[in-house]
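What follows is data-v9.tsv (TSV, C-alpha atoms and all ligand atoms).
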chain	number	residue	atom	x	y	z
A	1	MET	CA	-11.72	16.10	-22.77
A	2	PRO	CA	-12.06	12.74	-24.58
A	3	ASP	CA	-14.47	10.28	-23.00
A	4	TYR	CA	-11.94	8.28	-21.01
A	5	LEU	CA	-14.60	6.34	-19.12
A	6	SER	CA	-16.08	4.96	-22.36
A	7	GLU	CA	-12.60	4.16	-23.63
A	8	ALA	CA	-11.74	2.30	-20.43
A	9	LYS	CA	-15.04	0.42	-20.55
A	10	ALA	CA	-14.41	-0.53	-24.19
A	11	LEU	CA	-11.15	-2.15	-23.03
A	12	PHE	CA	-12.86	-4.02	-20.16
A	13	GLU	CA	-12.34	-7.47	-21.67
A	14	TYR	CA	-8.62	-6.81	-22.02
A	15	THR	CA	-8.35	-5.48	-18.45
A	16	GLN	CA	-10.35	-8.38	-17.03
A	17	SER	CA	-8.40	-11.06	-18.91
A	18	MET	CA	-5.09	-9.57	-17.74
A	19	ARG	CA	-6.33	-9.30	-14.16
A	20	ARG	CA	-7.63	-12.88	-14.10
A	21	ASP	CA	-4.41	-14.21	-15.60
A	22	PHE	CA	-2.33	-12.42	-12.93
A	23	HIS	CA	-4.80	-13.59	-10.28
A	24	ALA	CA	-4.47	-17.24	-11.31
A	25	HIS	CA	-0.65	-16.99	-11.30
A	26	PRO	CA	0.26	-14.93	-8.22
A	27	GLU	CA	3.91	-14.35	-7.29
A	28	LEU	CA	5.42	-13.17	-4.00
A	29	GLY	CA	7.54	-10.03	-3.64
A	30	PHE	CA	10.70	-9.94	-5.77
A	31	GLN	CA	9.60	-13.18	-7.46
A	32	GLU	CA	7.23	-11.52	-9.96
A	33	VAL	CA	9.10	-12.96	-12.96
A	34	ARG	CA	6.10	-14.22	-14.93
A	35	THR	CA	4.04	-11.11	-14.16
A	36	ALA	CA	6.87	-8.73	-15.06
A	37	GLY	CA	7.44	-10.69	-18.30
A	38	ILE	CA	3.81	-10.20	-19.35
A	39	VAL	CA	3.93	-6.52	-18.40
A	40	ALA	CA	7.10	-5.97	-20.47
A	41	ARG	CA	5.59	-7.88	-23.41
A	42	GLU	CA	2.37	-5.83	-23.38
A	43	LEU	CA	4.20	-2.49	-23.10
A	44	SER	CA	6.69	-3.43	-25.84
A	45	ALA	CA	3.75	-4.37	-28.09
A	46	LEU	CA	2.58	-0.75	-27.76
A	47	GLY	CA	5.96	0.41	-29.00
A	48	LEU	CA	7.06	1.85	-25.64
A	49	GLU	CA	10.66	1.93	-24.48
A	50	VAL	CA	10.76	-0.75	-21.75
A	51	ARG	CA	13.37	-1.55	-19.11
A	52	SER	CA	13.09	-4.73	-17.01
A	53	GLY	CA	14.93	-5.82	-13.87
A	54	VAL	CA	14.74	-2.38	-12.24
A	55	GLY	CA	15.14	-2.82	-8.45
A	56	GLY	CA	14.68	-6.59	-8.74
A	57	THR	CA	11.71	-7.55	-10.88
A	58	GLY	CA	10.46	-3.99	-11.55
A	59	VAL	CA	9.56	-2.79	-15.05
A	60	VAL	CA	9.77	0.83	-16.24
A	61	ALA	CA	8.39	2.11	-19.54
A	62	LEU	CA	8.27	5.55	-21.14
A	63	LEU	CA	5.48	6.91	-23.31
A	64	GLU	CA	6.50	10.13	-25.06
A	65	GLY	CA	3.95	12.70	-26.13
A	66	VAL	CA	4.41	14.52	-29.43
A	67	LYS	CA	5.78	17.58	-27.64
A	68	PRO	CA	8.16	17.87	-24.67
A	69	GLY	CA	6.70	18.72	-21.28
A	70	PRO	CA	6.50	17.49	-17.70
A	71	VAL	CA	7.06	13.89	-16.60
A	72	VAL	CA	4.24	12.07	-14.82
A	73	LEU	CA	5.07	8.81	-13.06
A	74	VAL	CA	2.28	6.30	-12.54
A	75	ARG	CA	2.81	3.21	-10.45
A	76	ALA	CA	1.24	-0.24	-10.03
A	77	ASP	CA	2.37	-2.94	-7.61
A	78	MET	CA	2.62	-6.54	-8.87
A	79	ASP	CA	3.15	-8.72	-5.77
A	80	ALA	CA	0.85	-11.26	-4.10
A	81	LEU	CA	0.68	-12.47	-0.48
A	82	PRO	CA	1.55	-15.74	1.30
A	83	ILE	CA	-2.13	-16.65	1.80
A	84	HIS	CA	-3.98	-19.78	0.62
A	85	GLU	CA	-6.90	-18.66	-1.54
A	86	GLU	CA	-10.42	-19.76	-0.54
A	87	THR	CA	-12.56	-17.82	-3.04
A	88	GLY	CA	-13.46	-20.80	-5.23
A	89	ALA	CA	-13.35	-18.42	-8.23
A	90	SER	CA	-12.81	-19.90	-11.71
A	91	TYR	CA	-9.64	-17.80	-11.92
A	92	ALA	CA	-8.43	-18.67	-8.37
A	93	SER	CA	-4.74	-19.01	-7.60
A	94	GLN	CA	-2.98	-22.00	-9.14
A	95	ASN	CA	-0.03	-21.50	-6.75
A	96	PRO	CA	-0.92	-23.11	-3.39
A	97	GLY	CA	-0.25	-20.76	-0.48
A	98	VAL	CA	0.13	-17.67	-2.68
A	99	MET	CA	-2.74	-15.31	-3.46
A	100	HIS	CA	-3.52	-11.87	-4.87
A	101	ALA	CA	-5.43	-10.90	-1.72
A	102	CYS	CA	-4.79	-7.15	-1.88
A	103	GLY	CA	-5.87	-6.38	-5.45
A	104	HIS	CA	-2.42	-5.76	-6.94
A	105	ASP	CA	-3.47	-8.01	-9.86
A	106	GLY	CA	-6.10	-5.36	-10.57
A	107	HIS	CA	-3.58	-2.51	-10.26
A	108	THR	CA	-1.24	-4.15	-12.79
A	109	ALA	CA	-4.11	-4.77	-15.24
A	110	VAL	CA	-5.39	-1.20	-14.81
A	111	LEU	CA	-1.98	0.30	-15.52
A	112	LEU	CA	-1.57	-1.79	-18.70
A	113	THR	CA	-4.99	-0.47	-19.76
A	114	VAL	CA	-3.91	3.11	-19.00
A	115	ALA	CA	-0.85	2.57	-21.22
A	116	LYS	CA	-3.12	1.38	-24.05
A	117	ILE	CA	-5.49	4.33	-23.67
A	118	LEU	CA	-2.77	6.99	-23.48
A	119	ASN	CA	-0.85	5.43	-26.35
A	120	SER	CA	-3.83	6.14	-28.59
A	121	HIS	CA	-3.83	9.78	-27.39
A	122	ARG	CA	-0.09	10.33	-27.85
A	123	SER	CA	-0.71	13.14	-30.37
A	124	GLU	CA	-2.54	15.13	-27.65
A	125	LEU	CA	0.21	14.86	-25.03
A	126	ALA	CA	3.02	17.28	-24.25
A	127	GLY	CA	5.40	15.46	-21.92
A	128	THR	CA	6.26	11.96	-20.79
A	129	VAL	CA	4.41	9.23	-18.94
A	130	LYS	CA	6.70	7.00	-16.91
A	131	PHE	CA	5.12	3.65	-16.01
A	132	MET	CA	6.48	2.07	-12.82
A	133	PHE	CA	5.49	-1.57	-12.24
A	134	GLN	CA	6.98	-2.33	-8.86
A	135	PRO	CA	7.72	-5.55	-7.01
A	136	ALA	CA	7.23	-6.30	-3.35
A	137	GLU	CA	4.87	-3.63	-2.00
A	138	GLU	CA	3.76	-5.81	0.94
A	139	GLY	CA	6.36	-4.79	3.49
A	140	MET	CA	9.41	-5.88	1.51
A	141	GLY	CA	10.68	-2.54	0.23
A	142	GLY	CA	9.96	-2.77	-3.52
A	143	ALA	CA	9.42	0.98	-3.97
A	144	GLU	CA	12.64	1.82	-2.13
A	145	LYS	CA	14.59	-0.61	-4.32
A	146	MET	CA	13.22	0.98	-7.50
A	147	ILE	CA	13.96	4.48	-6.21
A	148	ALA	CA	17.51	3.38	-5.39
A	149	ALA	CA	17.75	2.00	-8.94
A	150	GLY	CA	16.91	5.49	-10.26
A	151	VAL	CA	13.25	5.23	-11.26
A	152	LEU	CA	12.65	8.88	-10.31
A	153	GLU	CA	15.48	10.16	-12.56
A	154	ASN	CA	16.31	10.14	-16.29
A	155	PRO	CA	13.95	11.74	-16.98
A	156	SER	CA	13.26	13.23	-13.54
A	157	VAL	CA	9.66	13.02	-12.39
A	158	ASP	CA	7.42	16.06	-11.73
A	159	THR	CA	4.23	14.37	-10.48
A	160	ALA	CA	3.53	10.84	-9.19
A	161	LEU	CA	0.22	8.97	-9.15
A	162	ALA	CA	-1.02	5.60	-7.91
A	163	LEU	CA	-4.31	4.00	-6.93
A	164	HIS	CA	-5.62	1.15	-4.79
A	165	VAL	CA	-8.81	-0.85	-5.32
A	166	TRP	CA	-10.62	-0.57	-2.00
A	167	ASN	CA	-12.96	-3.23	-0.62
A	168	GLU	CA	-13.89	-1.21	2.45
A	169	LYS	CA	-16.13	0.79	0.07
A	170	PRO	CA	-18.63	-0.22	-2.64
A	171	VAL	CA	-17.88	-0.06	-6.33
A	172	GLY	CA	-18.82	3.44	-7.53
A	173	TRP	CA	-17.18	5.12	-4.54
A	174	ILE	CA	-13.93	7.02	-5.10
A	175	GLY	CA	-11.76	8.41	-2.30
A	176	ILE	CA	-9.29	11.19	-3.04
A	177	GLY	CA	-7.86	12.72	0.12
A	178	ASN	CA	-5.88	15.92	0.38
A	179	GLY	CA	-3.02	15.51	2.86
A	180	PRO	CA	-2.29	12.29	4.76
A	181	VAL	CA	-4.18	9.25	3.40
A	182	MET	CA	-2.37	6.24	4.83
A	183	ALA	CA	-0.43	5.88	8.05
A	184	GLY	CA	3.27	5.64	8.65
A	185	ALA	CA	4.14	2.29	10.19
A	186	GLU	CA	6.91	1.15	12.55
A	187	ILE	CA	7.62	-2.39	13.68
A	188	PHE	CA	8.91	-2.91	17.21
A	189	LYS	CA	10.46	-5.78	19.12
A	190	ILE	CA	10.85	-5.61	22.89
A	191	LYS	CA	12.95	-8.18	24.75
A	192	VAL	CA	12.48	-8.04	28.52
A	193	LEU	CA	15.30	-9.84	30.33
A	194	GLY	CA	14.84	-10.98	33.93
A	195	LYS	CA	16.22	-13.82	35.97
A	196	GLY	CA	14.44	-17.14	35.69
A	197	GLY	CA	13.72	-19.45	38.56
A	198	HIS	CA	11.17	-21.62	40.37
A	199	GLY	CA	7.57	-20.46	40.09
A	200	ALA	CA	7.20	-21.01	43.82
A	201	ALA	CA	10.16	-18.79	44.69
A	202	PRO	CA	9.66	-15.53	42.76
A	203	HIS	CA	11.67	-13.56	45.32
A	204	LEU	CA	14.85	-15.35	44.21
A	205	GLY	CA	14.46	-14.30	40.56
A	206	VAL	CA	13.38	-11.27	38.52
A	207	ASP	CA	10.10	-11.92	36.74
A	208	PRO	CA	10.03	-10.65	33.12
A	209	VAL	CA	6.40	-11.81	32.68
A	210	LEU	CA	5.15	-9.29	35.25
A	211	ALA	CA	7.28	-6.52	33.74
A	212	ALA	CA	6.00	-7.38	30.23
A	213	ALA	CA	2.39	-7.27	31.45
A	214	GLN	CA	2.95	-3.79	32.95
A	215	ILE	CA	4.60	-2.62	29.73
A	216	VAL	CA	1.66	-3.80	27.57
A	217	SER	CA	-0.80	-1.91	29.79
A	218	ALA	CA	1.30	1.23	30.12
A	219	LEU	CA	1.90	1.51	26.37
A	220	GLN	CA	-1.85	1.98	25.88
A	221	GLY	CA	-1.53	5.16	27.92
A	222	ILE	CA	0.43	6.82	25.10
A	223	VAL	CA	-2.57	7.13	22.78
A	224	ALA	CA	-5.01	7.65	25.67
A	225	ARG	CA	-2.98	10.22	27.67
A	226	ASN	CA	-0.16	11.70	25.56
A	227	VAL	CA	-1.49	12.07	21.99
A	228	ALA	CA	-3.89	15.01	21.71
A	229	PRO	CA	-7.51	13.83	21.47
A	230	LEU	CA	-8.04	15.12	17.92
A	231	GLN	CA	-4.83	13.57	16.60
A	232	THR	CA	-4.35	9.98	15.52
A	233	ALA	CA	-2.04	7.16	16.51
A	234	VAL	CA	-2.12	3.42	17.14
A	235	VAL	CA	0.15	1.38	19.41
A	236	SER	CA	-0.52	-2.38	19.20
A	237	VAL	CA	1.39	-5.16	20.95
A	238	CYS	CA	0.57	-8.11	18.70
A	239	THR	CA	2.74	-11.01	19.92
A	240	ILE	CA	3.99	-11.98	23.36
A	241	HIS	CA	6.13	-15.02	24.03
A	242	GLY	CA	7.80	-16.19	27.20
A	243	GLY	CA	8.14	-19.34	29.28
A	244	GLU	CA	7.72	-23.04	28.62
A	245	THR	CA	5.85	-24.46	31.58
A	246	PHE	CA	3.61	-23.57	34.54
A	247	ASN	CA	6.12	-23.65	37.38
A	248	VAL	CA	9.18	-21.93	35.91
A	249	ILE	CA	9.66	-18.18	35.75
A	250	PRO	CA	11.30	-17.65	32.33
A	251	PRO	CA	14.47	-15.63	31.84
A	252	ALA	CA	13.00	-13.46	29.08
A	253	VAL	CA	9.81	-12.35	27.34
A	254	LEU	CA	9.73	-11.22	23.70
A	255	MET	CA	6.98	-8.95	22.37
A	256	THR	CA	6.41	-7.50	18.89
A	257	GLY	CA	3.95	-4.99	17.55
A	258	THR	CA	3.34	-1.93	15.43
A	259	ILE	CA	2.99	1.84	15.78
A	260	ARG	CA	0.95	3.84	13.24
A	261	THR	CA	0.96	7.64	12.92
A	262	PHE	CA	0.32	10.31	10.27
A	263	GLU	CA	2.22	13.39	11.41
A	264	ALA	CA	5.90	13.80	12.20
A	265	GLY	CA	5.15	15.59	15.49
A	266	VAL	CA	2.84	12.82	16.68
A	267	ARG	CA	5.28	10.16	15.52
A	268	ASN	CA	8.17	11.73	17.46
A	269	LEU	CA	6.03	12.05	20.57
A	270	VAL	CA	4.83	8.44	20.40
A	271	LEU	CA	8.33	7.04	19.79
A	272	GLU	CA	9.82	9.11	22.62
A	273	ARG	CA	7.11	8.03	25.09
A	274	PHE	CA	7.39	4.42	23.87
A	275	GLU	CA	11.12	4.20	24.64
A	276	LYS	CA	10.74	5.98	27.97
A	277	ILE	CA	7.88	3.77	29.18
A	278	VAL	CA	9.48	0.49	28.11
A	279	HIS	CA	12.86	1.35	29.66
A	280	SER	CA	11.47	2.83	32.88
A	281	ILE	CA	9.08	-0.03	33.65
A	282	ALA	CA	11.57	-2.76	32.80
A	283	GLU	CA	14.30	-1.16	34.84
A	284	GLY	CA	11.98	-0.19	37.68
A	285	MET	CA	11.07	-3.85	38.00
A	286	GLY	CA	14.70	-5.00	37.98
A	287	CYS	CA	14.78	-6.22	34.38
A	288	GLN	CA	16.92	-5.21	31.47
A	289	VAL	CA	15.38	-4.46	28.12
A	290	GLU	CA	16.31	-4.40	24.45
A	291	ILE	CA	14.21	-2.41	21.99
A	292	ASP	CA	14.41	-2.84	18.23
A	293	LEU	CA	12.38	-0.18	16.43
A	294	GLN	CA	12.23	-0.14	12.61
A	295	LEU	CA	10.46	2.15	10.19
A	296	LEU	CA	8.33	0.06	7.79
A	297	THR	CA	6.88	2.91	5.70
A	298	PRO	CA	6.42	6.64	6.19
A	299	ALA	CA	2.93	8.13	6.06
A	300	THR	CA	1.41	8.47	2.56
A	301	ILE	CA	0.76	12.18	2.10
A	302	ASN	CA	-0.98	13.65	-0.94
A	303	GLN	CA	0.17	17.02	-2.21
A	304	SER	CA	-2.65	19.52	-2.31
A	305	ASP	CA	-2.38	20.66	-5.99
A	306	SER	CA	-2.27	17.06	-7.23
A	307	ALA	CA	-5.16	15.92	-5.03
A	308	ILE	CA	-7.33	18.85	-6.09
A	309	ARG	CA	-6.63	18.10	-9.75
A	310	VAL	CA	-7.54	14.40	-9.41
A	311	GLN	CA	-10.70	15.41	-7.52
A	312	ALA	CA	-11.71	17.79	-10.33
A	313	ILE	CA	-11.18	15.12	-13.00
A	314	ALA	CA	-13.14	12.57	-10.94
A	315	ARG	CA	-16.07	15.01	-10.65
A	316	ARG	CA	-16.12	15.37	-14.45
A	317	LEU	CA	-15.80	11.62	-15.13
A	318	PHE	CA	-18.26	10.42	-12.48
A	319	PRO	CA	-20.90	13.13	-12.03
A	320	GLU	CA	-23.17	10.62	-10.33
A	321	GLY	CA	-20.46	8.70	-8.49
A	322	GLU	CA	-19.92	8.84	-4.76
A	323	LEU	CA	-16.86	11.03	-4.45
A	324	ASP	CA	-15.22	11.23	-1.04
A	325	THR	CA	-12.88	14.20	-0.97
A	326	ALA	CA	-13.35	15.16	2.64
A	327	ASN	CA	-10.62	13.39	4.49
A	328	TYR	CA	-10.56	9.72	3.62
A	329	ILE	CA	-7.71	8.20	5.60
A	330	THR	CA	-6.84	4.70	6.73
A	331	MET	CA	-4.39	3.33	9.32
A	332	GLY	CA	-3.02	0.85	6.77
A	333	SER	CA	0.35	1.66	5.22
A	334	GLU	CA	1.61	1.82	1.66
A	335	ASP	CA	5.14	2.03	0.25
A	336	PHE	CA	4.17	4.52	-2.48
A	337	SER	CA	4.81	6.88	0.46
A	338	TYR	CA	8.53	6.63	-0.38
A	339	VAL	CA	7.79	8.08	-3.82
A	340	LEU	CA	5.54	10.80	-2.38
A	341	GLU	CA	8.28	11.78	0.09
A	342	LYS	CA	10.35	12.87	-2.92
A	343	ILE	CA	7.78	13.79	-5.60
A	344	PRO	CA	4.49	15.70	-5.20
A	345	GLY	CA	1.53	13.55	-6.16
A	346	CYS	CA	-1.63	11.72	-5.22
A	347	PHE	CA	-2.60	8.21	-4.06
A	348	PHE	CA	-6.31	7.52	-4.38
A	349	PHE	CA	-8.81	4.75	-3.66
A	350	ILE	CA	-11.31	3.11	-6.04
A	351	GLY	CA	-14.25	1.47	-4.25
A	352	SER	CA	-14.41	-2.19	-5.32
A	353	ALA	CA	-16.71	-4.14	-2.97
A	354	ASN	CA	-20.05	-5.59	-4.05
A	355	SER	CA	-21.90	-7.32	-1.22
A	356	ASN	CA	-24.70	-8.51	-3.56
A	357	LYS	CA	-22.12	-10.61	-5.39
A	358	GLY	CA	-20.34	-11.67	-2.18
A	359	LEU	CA	-17.30	-9.65	-3.21
A	360	ASP	CA	-16.73	-7.80	0.04
A	361	ALA	CA	-14.13	-9.70	2.08
A	362	GLY	CA	-11.41	-7.42	3.41
A	363	HIS	CA	-7.94	-7.00	1.98
A	364	HIS	CA	-5.54	-9.83	2.95
A	365	HIS	CA	-8.47	-12.21	3.65
A	366	PRO	CA	-8.38	-15.70	2.02
A	367	ARG	CA	-11.77	-14.95	0.41
A	368	PHE	CA	-10.79	-11.47	-0.79
A	369	ASP	CA	-12.11	-10.68	-4.26
A	370	PHE	CA	-13.47	-7.47	-5.76
A	371	ASP	CA	-16.01	-6.34	-8.36
A	372	GLU	CA	-14.10	-5.99	-11.63
A	373	ALA	CA	-16.47	-3.14	-12.62
A	374	ALA	CA	-14.10	-1.04	-10.48
A	375	LEU	CA	-11.23	-1.55	-12.92
A	376	PRO	CA	-12.46	0.79	-15.72
A	377	HIS	CA	-13.15	3.44	-13.06
A	378	GLY	CA	-9.51	3.30	-12.00
A	379	ALA	CA	-8.16	3.20	-15.56
A	380	ALA	CA	-10.34	6.11	-16.70
A	381	LEU	CA	-9.50	8.35	-13.75
A	382	MET	CA	-5.79	7.62	-14.06
A	383	ALA	CA	-5.65	8.12	-17.84
A	384	ALA	CA	-7.73	11.31	-17.72
A	385	THR	CA	-5.61	12.79	-14.91
A	386	ILE	CA	-2.34	12.09	-16.74
A	387	ALA	CA	-3.75	13.49	-19.99
A	388	ASP	CA	-4.82	16.61	-18.11
A	389	LEU	CA	-1.36	17.04	-16.55
A	390	LEU	CA	0.25	16.67	-20.00
A	391	LYS	CA	-2.27	18.53	-22.15
A	392	LYS	CA	-0.71	20.46	-25.03
B	401	ZN	ZN	-1.89	-5.29	1.03
B	402	ZN	ZN	-2.14	-3.31	-1.43
Please re-express this file's structure in structure tokens.
Ligand SMILES: [Zn+2]
Ligand SMILES: [Zn+2]
Amino acid sequence: MPDYLSEAKALFEYTQSMRRDFHAHPELGFQEVRTAGIVARELSALGLEVRSGVGGTGVVALLEGVKPGPVVLVRADMDALPIHEETGASYASQNPGVMHACGHDGHTAVLLTVAKILNSHRSELAGTVKFMFQPAEEGMGGAEKMIAAGVLENPSVDTALALHVWNEKPVGWIGIGNGPVMAGAEIFKIKVLGKGGHGAAPHLGVDPVLAAAQIVSALQGIVARNVAPLQTAVVSVCTIHGGETFNVIPPAVLMTGTIRTFEAGVRNLVLERFEKIVHSIAEGMGCQVEIDLQLLTPATINQSDSAIRVQAIARRLFPEGELDTANYITMGSEDFSYVLEKIPGCFFFIGSANSNKGLDAGHHHPRFDFDEAALPHGAALMAATIADLLKK
């Protein structure tokens, strides 16, 4: 196997300059026009066949090996978040209120580096690499839009790969789980409708505040009493709004929150109990209730063969690295799950925090930044895995 780690490290200046340029010019979901333009320019310069405007601002490029073979899709997300950056970095955001606070600038730079590396190994590849630069990962449905636009077909994809820089772990750590790695997420809205009235005459109305309070408490019983102790779920009520003043019982209370699960059986159980509890308590207390439940993303589930292969490559590339193959999972969610629902593949994590340099704020924090030494780790592991999947 060629020394992909050395090759990725040799391209560090390129990767870093790309990452810092994207970081300084962040764009929100479906507005990644500048970013997508640079991506298309860089891929075209390599001589790849490039298509822009796929599912909004997405870019797709094909790299053909010298012989036919399987098709490996590799994805990076390009979008930033509506957060005002407070890192004080020399390459900090020049767009007030918009920030690359999740590391997607790094993912885009890594994938451009992977394209460069694999392009120089074209003669050793049997098959096709399909590069998917997607818009709007942060809860706006970018992956779904690109799938609807046909990114998984023509040519149809056999294996799909993606990575995330990960500030919950130090640089040098690599997490490659086998099975579920990120949670499925639902968003819920609950509207409890009572009958408003004077705060001093509750018996003449129907109090939705009391019903809402009971619902919040009872929902916590789902994880505590219904989900089996060794299985995982989260039910969080995150907003609650009702009433305007101290002596008026309001007519309605609105609550929103999220449910996170990994397995279909647990998800069905939680959703069924959720609806039953909300309806029964509201109605038992004389209120009416409206529930709006929406799937945000399914769980991200790695296919065993793909995960084992990435693990094996990582062991070869980083013999001294801290490799976490046990069962690294997080309750965050990720829309690459929509790709992995259709195509077997692997989503893995590249440790990127460095507390000595103060680069350890969490994802989505206004001071989020990561150690760029993580970028060659990601590029090397991705390039080596693809080359292995497509070896002649
Ligand atoms: Zn994020
Ligand atoms: Zn992210």
At most 10 Å is the cut-off: for each residue in chain A with any atom that close to an atom of ligand ZN 401 (chain B), write down the nearest atom pair and the distance in Å rounded to one decimal, counting all atoms listed in the file, chain first then increasing number, as JSON lines.
{"residue": "A:Asp77", "atom": "CA", "partner": "B:ZN401", "partner_atom": "ZN", "distance": 9.9}
{"residue": "A:Asp79", "atom": "CA", "partner": "B:ZN401", "partner_atom": "ZN", "distance": 9.1}
{"residue": "A:Ala80", "atom": "CA", "partner": "B:ZN401", "partner_atom": "ZN", "distance": 8.3}
{"residue": "A:Leu81", "atom": "CA", "partner": "B:ZN401", "partner_atom": "ZN", "distance": 7.8}
{"residue": "A:His100", "atom": "CA", "partner": "B:ZN401", "partner_atom": "ZN", "distance": 9.0}
{"residue": "A:Ala101", "atom": "CA", "partner": "B:ZN401", "partner_atom": "ZN", "distance": 7.2}
{"residue": "A:Cys102", "atom": "CA", "partner": "B:ZN401", "partner_atom": "ZN", "distance": 4.5}
{"residue": "A:Gly103", "atom": "CA", "partner": "B:ZN401", "partner_atom": "ZN", "distance": 7.7}
{"residue": "A:His104", "atom": "CA", "partner": "B:ZN401", "partner_atom": "ZN", "distance": 8.0}
{"residue": "A:Glu137", "atom": "CA", "partner": "B:ZN401", "partner_atom": "ZN", "distance": 7.6}
{"residue": "A:Glu138", "atom": "CA", "partner": "B:ZN401", "partner_atom": "ZN", "distance": 5.7}
{"residue": "A:Gly139", "atom": "CA", "partner": "B:ZN401", "partner_atom": "ZN", "distance": 8.6}
{"residue": "A:His164", "atom": "CA", "partner": "B:ZN401", "partner_atom": "ZN", "distance": 9.4}
{"residue": "A:Gly332", "atom": "CA", "partner": "B:ZN401", "partner_atom": "ZN", "distance": 8.5}
{"residue": "A:Ser333", "atom": "CA", "partner": "B:ZN401", "partner_atom": "ZN", "distance": 8.4}
{"residue": "A:Glu334", "atom": "CA", "partner": "B:ZN401", "partner_atom": "ZN", "distance": 7.9}
{"residue": "A:His363", "atom": "CA", "partner": "B:ZN401", "partner_atom": "ZN", "distance": 6.4}
{"residue": "A:His364", "atom": "CA", "partner": "B:ZN401", "partner_atom": "ZN", "distance": 6.1}
{"residue": "A:His365", "atom": "CA", "partner": "B:ZN401", "partner_atom": "ZN", "distance": 9.9}
Between A:Phe131, A:Phe188, A:Phe274, A:Phe348, which is the closest to Arg51 in chain A once you count only C-alpha atoms?
A:Phe131
Ala40 in chain A surroundings by only C-alpha atoms, 8 Å radius, close-in-sequence under 6 positions cut, as a list of chain:residue names:
A:Val50, A:Arg51, A:Ser52, A:Val59
Residues at most 9 Å from range 380-388 of chain A, counting only C-alpha atoms, excluding those fewer than 5 positions away in the same chain, as a PDB file with C-alpha atoms, in the frame of the given file?
ATOM      1  CA  MET A   1     -11.720  16.100 -22.770  1.00  0.00           C
ATOM      2  CA  PRO A   2     -12.060  12.740 -24.580  1.00  0.00           C
ATOM      3  CA  ASP A   3     -14.470  10.280 -23.000  1.00  0.00           C
ATOM      4  CA  TYR A   4     -11.940   8.280 -21.010  1.00  0.00           C
ATOM      5  CA  LEU A   5     -14.600   6.340 -19.120  1.00  0.00           C
ATOM      6  CA  SER A   6     -16.080   4.960 -22.360  1.00  0.00           C
ATOM      7  CA  GLU A   7     -12.600   4.160 -23.630  1.00  0.00           C
ATOM      8  CA  ALA A   8     -11.740   2.300 -20.430  1.00  0.00           C
ATOM      9  CA  LYS A   9     -15.040   0.420 -20.550  1.00  0.00           C
ATOM     10  CA  VAL A  72       4.240  12.070 -14.820  1.00  0.00           C
ATOM     11  CA  LEU A  73       5.070   8.810 -13.060  1.00  0.00           C
ATOM     12  CA  VAL A  74       2.280   6.300 -12.540  1.00  0.00           C
ATOM     13  CA  VAL A 110      -5.390  -1.200 -14.810  1.00  0.00           C
ATOM     14  CA  LEU A 111      -1.980   0.300 -15.520  1.00  0.00           C
ATOM     15  CA  THR A 113      -4.990  -0.470 -19.760  1.00  0.00           C
ATOM     16  CA  VAL A 114      -3.910   3.110 -19.000  1.00  0.00           C
ATOM     17  CA  ALA A 115      -0.850   2.570 -21.220  1.00  0.00           C
ATOM     18  CA  ILE A 117      -5.490   4.330 -23.670  1.00  0.00           C
ATOM     19  CA  LEU A 118      -2.770   6.990 -23.480  1.00  0.00           C
ATOM     20  CA  HIS A 121      -3.830   9.780 -27.390  1.00  0.00           C
ATOM     21  CA  GLU A 124      -2.540  15.130 -27.650  1.00  0.00           C
ATOM     22  CA  LEU A 125       0.210  14.860 -25.030  1.00  0.00           C
ATOM     23  CA  ALA A 126       3.020  17.280 -24.250  1.00  0.00           C
ATOM     24  CA  VAL A 129       4.410   9.230 -18.940  1.00  0.00           C
ATOM     25  CA  LEU A 161       0.220   8.970  -9.150  1.00  0.00           C
ATOM     26  CA  ALA A 162      -1.020   5.600  -7.910  1.00  0.00           C
ATOM     27  CA  LEU A 163      -4.310   4.000  -6.930  1.00  0.00           C
ATOM     28  CA  ARG A 309      -6.630  18.100  -9.750  1.00  0.00           C
ATOM     29  CA  VAL A 310      -7.540  14.400  -9.410  1.00  0.00           C
ATOM     30  CA  ILE A 313     -11.180  15.120 -13.000  1.00  0.00           C
ATOM     31  CA  ALA A 314     -13.140  12.570 -10.940  1.00  0.00           C
ATOM     32  CA  LEU A 317     -15.800  11.620 -15.130  1.00  0.00           C
ATOM     33  CA  LEU A 375     -11.230  -1.550 -12.920  1.00  0.00           C
TER      34      LEU A 375
END
Give as a list in words the set of residues within 6 Å of the point (15.0, -13.6, 24.5), where distances use the file's coordinates and all atoms listed in the file.
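Answer for this query, in the requested form: Lys191, Ala252 and Leu254 of chain A.
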Report, in Å with one decimal, the straight-line distance from CA of Glu372 in chain A to CA of Glu32 in chain A.
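CA of Glu32 in chain A lies 22.1 Å from CA of Glu372 in chain A.
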Could you tell me which of A:Ile215, A:Leu204, A:Ala10, A:Ala76 comes closest to ligand ZN 402 (chain B) if we count only C-alpha atoms and all ligand atoms?
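Counting only C-alpha atoms and all ligand atoms, the residue closest to ligand ZN 402 (chain B) is A:Ala76.
Here CA of Glu320 in chain A and CA of Ile174 in chain A stand 11.2 Å from one another.
Distances here use only C-alpha atoms; by that measure, the residue among A:Phe12, A:Phe246, A:Phe318, A:Phe349 closest to Lys116 in chain A is A:Phe12.
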Which neighbours of Ala136 in chain A fall inside 10 Å, counting only C-alpha atoms, when residues of the same chain fewer than 5 positions from it are skipped, and could you give them as a VMD selection string?
chain A and resid 27 to 32 56 to 58 77 to 81 141 to 145 335
